[in-house]
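What follows is work.tsv (TSV, N, CA and C atoms).
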chain	number	residue	atom	x	y	z
K	1	MET	N	-47.15	-19.34	11.75
K	1	MET	CA	-46.01	-20.15	12.12
K	1	MET	C	-45.20	-20.56	10.89
K	2	LYS	N	-45.93	-20.80	9.80
K	2	LYS	CA	-45.25	-21.20	8.57
K	2	LYS	C	-44.37	-20.07	8.04
K	3	ARG	N	-44.82	-18.83	8.19
K	3	ARG	CA	-44.03	-17.67	7.76
K	3	ARG	C	-42.73	-17.57	8.54
K	4	LEU	N	-42.77	-17.85	9.82
K	4	LEU	CA	-41.59	-17.80	10.67
K	4	LEU	C	-40.57	-18.84	10.23
K	5	ILE	N	-41.03	-20.03	9.90
K	5	ILE	CA	-40.13	-21.09	9.46
K	5	ILE	C	-39.50	-20.72	8.11
K	6	ILE	N	-40.29	-20.16	7.22
K	6	ILE	CA	-39.77	-19.74	5.91
K	6	ILE	C	-38.73	-18.63	6.09
K	7	ALA	N	-39.01	-17.66	6.96
K	7	ALA	CA	-38.06	-16.57	7.22
K	7	ALA	C	-36.77	-17.10	7.83
K	8	ALA	N	-36.87	-18.05	8.74
K	8	ALA	CA	-35.68	-18.64	9.37
K	8	ALA	C	-34.84	-19.38	8.34
K	9	ARG	N	-35.47	-20.09	7.43
K	9	ARG	CA	-34.73	-20.81	6.39
K	9	ARG	C	-34.02	-19.84	5.44
K	10	GLN	N	-34.71	-18.77	5.08
K	10	GLN	CA	-34.09	-17.77	4.20
K	10	GLN	C	-32.89	-17.12	4.89
K	11	PHE	N	-33.01	-16.83	6.16
K	11	PHE	CA	-31.91	-16.22	6.92
K	11	PHE	C	-30.72	-17.18	6.99
K	12	ARG	N	-31.01	-18.46	7.20
K	12	ARG	CA	-29.96	-19.48	7.29
K	12	ARG	C	-29.24	-19.64	5.95
K	13	ASP	N	-29.95	-19.57	4.86
K	13	ASP	CA	-29.37	-19.80	3.55
K	13	ASP	C	-28.71	-18.56	2.94
K	14	ASP	N	-28.89	-17.40	3.55
K	14	ASP	CA	-28.31	-16.16	3.02
K	14	ASP	C	-26.81	-16.15	3.27
K	15	GLU	N	-26.02	-15.98	2.21
K	15	GLU	CA	-24.56	-15.99	2.33
K	15	GLU	C	-23.95	-14.63	2.01
K	16	ASN	N	-24.71	-13.57	1.94
K	16	ASN	CA	-24.19	-12.25	1.61
K	16	ASN	C	-23.22	-11.75	2.66
K	17	GLY	N	-23.50	-12.00	3.91
K	17	GLY	CA	-22.61	-11.55	4.98
K	17	GLY	C	-21.25	-12.22	4.92
K	18	ALA	N	-21.22	-13.52	4.64
K	18	ALA	CA	-19.96	-14.25	4.53
K	18	ALA	C	-19.13	-13.73	3.36
K	19	ALA	N	-19.77	-13.44	2.25
K	19	ALA	CA	-19.05	-12.91	1.09
K	19	ALA	C	-18.47	-11.54	1.39
K	20	MET	N	-19.21	-10.71	2.13
K	20	MET	CA	-18.71	-9.39	2.48
K	20	MET	C	-17.47	-9.49	3.38
K	21	VAL	N	-17.48	-10.42	4.31
K	21	VAL	CA	-16.32	-10.61	5.18
K	21	VAL	C	-15.12	-11.07	4.36
K	22	GLU	N	-15.33	-11.97	3.43
K	22	GLU	CA	-14.23	-12.45	2.59
K	22	GLU	C	-13.65	-11.32	1.75
K	23	TYR	N	-14.50	-10.50	1.17
K	23	TYR	CA	-14.00	-9.37	0.38
K	23	TYR	C	-13.27	-8.36	1.26
K	24	SER	N	-13.74	-8.15	2.47
K	24	SER	CA	-13.08	-7.22	3.38
K	24	SER	C	-11.68	-7.71	3.73
K	25	ILE	N	-11.54	-8.99	3.99
K	25	ILE	CA	-10.23	-9.56	4.28
K	25	ILE	C	-9.31	-9.43	3.07
K	26	LEU	N	-9.83	-9.70	1.89
K	26	LEU	CA	-9.04	-9.58	0.66
K	26	LEU	C	-8.57	-8.14	0.44
K	27	ILE	N	-9.44	-7.18	0.66
K	27	ILE	CA	-9.07	-5.77	0.51
K	27	ILE	C	-8.00	-5.40	1.53
K	28	GLY	N	-8.11	-5.91	2.74
K	28	GLY	CA	-7.10	-5.64	3.77
K	28	GLY	C	-5.74	-6.20	3.39
K	29	ILE	N	-5.70	-7.39	2.84
K	29	ILE	CA	-4.44	-8.00	2.41
K	29	ILE	C	-3.82	-7.20	1.27
K	30	ILE	N	-4.63	-6.78	0.31
K	30	ILE	CA	-4.13	-5.99	-0.81
K	30	ILE	C	-3.59	-4.64	-0.32
K	31	ALA	N	-4.30	-4.00	0.60
K	31	ALA	CA	-3.85	-2.72	1.13
K	31	ALA	C	-2.52	-2.86	1.88
K	32	ALA	N	-2.39	-3.90	2.69
K	32	ALA	CA	-1.14	-4.12	3.43
K	32	ALA	C	0.02	-4.38	2.47
K	33	ALA	N	-0.20	-5.18	1.45
K	33	ALA	CA	0.85	-5.46	0.47
K	33	ALA	C	1.25	-4.20	-0.28
K	34	SER	N	0.29	-3.35	-0.60
K	34	SER	CA	0.58	-2.10	-1.30
K	34	SER	C	1.42	-1.17	-0.43
K	35	ILE	N	1.07	-1.06	0.84
K	35	ILE	CA	1.82	-0.20	1.75
K	35	ILE	C	3.24	-0.70	1.91
K	36	ILE	N	3.42	-2.01	2.06
K	36	ILE	CA	4.76	-2.58	2.20
K	36	ILE	C	5.58	-2.34	0.93
K	37	ALA	N	4.96	-2.47	-0.23
K	37	ALA	CA	5.68	-2.24	-1.49
K	37	ALA	C	6.10	-0.78	-1.62
K	38	VAL	N	5.24	0.15	-1.26
K	38	VAL	CA	5.58	1.57	-1.35
K	38	VAL	C	6.73	1.91	-0.40
K	39	ILE	N	6.71	1.37	0.80
K	39	ILE	CA	7.79	1.63	1.76
K	39	ILE	C	9.10	1.04	1.25
K	40	ALA	N	9.06	-0.17	0.70
K	40	ALA	CA	10.28	-0.80	0.20
K	40	ALA	C	10.85	-0.03	-0.99
K	41	ILE	N	10.01	0.37	-1.91
K	41	ILE	CA	10.49	1.13	-3.07
K	41	ILE	C	11.03	2.48	-2.64
K	42	GLY	N	10.37	3.11	-1.67
K	42	GLY	CA	10.86	4.40	-1.17
K	42	GLY	C	12.24	4.28	-0.54
K	43	GLY	N	12.47	3.20	0.21
K	43	GLY	CA	13.79	2.99	0.79
K	43	GLY	C	14.85	2.76	-0.28
K	44	TRP	N	14.50	2.01	-1.31
K	44	TRP	CA	15.45	1.76	-2.39
K	44	TRP	C	15.80	3.05	-3.13
K	45	VAL	N	14.80	3.87	-3.42
K	45	VAL	CA	15.05	5.13	-4.12
K	45	VAL	C	15.91	6.05	-3.26
K	46	GLY	N	15.63	6.09	-1.96
K	46	GLY	CA	16.44	6.91	-1.06
K	46	GLY	C	17.90	6.47	-1.04
K	47	SER	N	18.13	5.17	-1.02
K	47	SER	CA	19.52	4.69	-1.03
K	47	SER	C	20.21	4.98	-2.35
K	48	GLN	N	19.47	4.97	-3.45
K	48	GLN	CA	20.06	5.31	-4.75
K	48	GLN	C	20.51	6.76	-4.77
K	49	PHE	N	19.71	7.66	-4.23
K	49	PHE	CA	20.11	9.07	-4.18
K	49	PHE	C	21.29	9.29	-3.24
K	50	THR	N	21.32	8.55	-2.13
K	50	THR	CA	22.45	8.67	-1.20
K	50	THR	C	23.74	8.20	-1.88
K	51	GLY	N	23.65	7.09	-2.62
K	51	GLY	CA	24.82	6.60	-3.35
K	51	GLY	C	25.26	7.58	-4.43
K	52	LEU	N	24.34	8.20	-5.10
K	52	LEU	CA	24.67	9.20	-6.11
K	52	LEU	C	25.37	10.39	-5.49
K	53	CYS	N	24.88	10.82	-4.35
K	53	CYS	CA	25.50	11.96	-3.66
K	53	CYS	C	26.92	11.61	-3.24
K	54	ALA	N	27.13	10.39	-2.75
K	54	ALA	CA	28.48	9.97	-2.35
K	54	ALA	C	29.41	9.92	-3.55
K	55	ASN	N	28.92	9.50	-4.71
K	55	ASN	CA	29.75	9.45	-5.92
K	55	ASN	C	30.10	10.84	-6.42
K	56	LEU	N	29.20	11.79	-6.23
K	56	LEU	CA	29.47	13.16	-6.68
K	56	LEU	C	30.41	13.89	-5.74
K	57	ASN	N	30.52	13.47	-4.49
K	57	ASN	CA	31.37	14.11	-3.48
K	57	ASN	C	31.07	15.59	-3.34
K	58	GLY	N	29.82	15.96	-3.40
K	58	GLY	CA	29.44	17.35	-3.25
K	58	GLY	C	29.77	18.21	-4.45
K	59	LYS	N	30.03	17.60	-5.60
K	59	LYS	CA	30.40	18.36	-6.80
K	59	LYS	C	29.20	18.63	-7.70
K	60	GLY	N	28.02	18.49	-7.16
K	60	GLY	CA	26.82	18.75	-7.95
K	60	GLY	C	26.62	20.24	-8.17
K	61	LEU	N	25.53	20.58	-8.81
K	61	LEU	CA	25.22	21.97	-9.09
K	61	LEU	C	24.16	22.48	-8.12
K	62	LYS	N	24.26	23.74	-7.76
K	62	LYS	CA	23.23	24.38	-6.95
K	62	LYS	C	22.02	24.67	-7.84
K	63	ALA	N	20.96	25.08	-7.22
K	63	ALA	CA	19.75	25.37	-7.98
K	63	ALA	C	19.96	26.50	-8.98
K	64	ASP	N	20.88	27.44	-8.67
K	64	ASP	CA	21.11	28.55	-9.59
K	64	ASP	C	22.12	28.21	-10.70
K	65	GLY	N	22.65	26.96	-10.71
K	65	GLY	CA	23.53	26.53	-11.77
K	65	GLY	C	25.01	26.63	-11.43
K	66	SER	N	25.32	27.23	-10.28
K	66	SER	CA	26.74	27.33	-9.90
K	66	SER	C	27.20	26.03	-9.26
K	67	ALA	N	28.52	25.82	-9.22
K	67	ALA	CA	29.07	24.57	-8.69
K	67	ALA	C	29.05	24.58	-7.16
K	68	GLY	N	29.14	23.38	-6.58
K	68	GLY	CA	29.25	23.26	-5.13
K	68	GLY	C	27.96	22.99	-4.41
K	69	GLY	N	27.01	22.43	-5.08
K	69	GLY	CA	25.73	22.13	-4.43
K	69	GLY	C	25.86	21.01	-3.42
K	70	THR	N	24.89	20.90	-2.55
K	70	THR	CA	24.87	19.82	-1.57
K	70	THR	C	23.77	18.84	-1.93
K	71	CYS	N	23.84	17.67	-1.34
K	71	CYS	CA	22.85	16.63	-1.64
K	71	CYS	C	21.64	16.76	-0.80

Represent the supplied structure as structure tokens.
Amino acid sequence: MKRLIIAARQFRDDENGAAMVEYSILIGIIAAASIIAVIAIGGWVGSQFTGLCANLNGKGLKADGSAGGTC
């Protein structure tokens, strides 16, 4: 009976599971923030290229070096 009480106390005092849940939540928050940052930066870069294309008015170079490339 004494062994059962000791085992129950050890189980009650063990905090490894709580720490694992906290780390899992933290990793989830970091992953979500990273995904949002990548999407935001991608949108900004896309708009920069669109603005560049509008400024060039189709006067860029083709891949072979001749004039008249498209964006």

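Interatomic distance, atom C of Asp14 (chain K) against atom N of Met1 (chain K): 22.3 Å.
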
For this session: Have a look at CA of Phe11 (chain K) and CA of Ile29 (chain K) and let me know their distance in Å, one decimal.
Result: 29.0 Å

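Across the model, the gap from CA of Ile35 (chain K) to atom N of Gly17 (chain K) is 28.0 Å.
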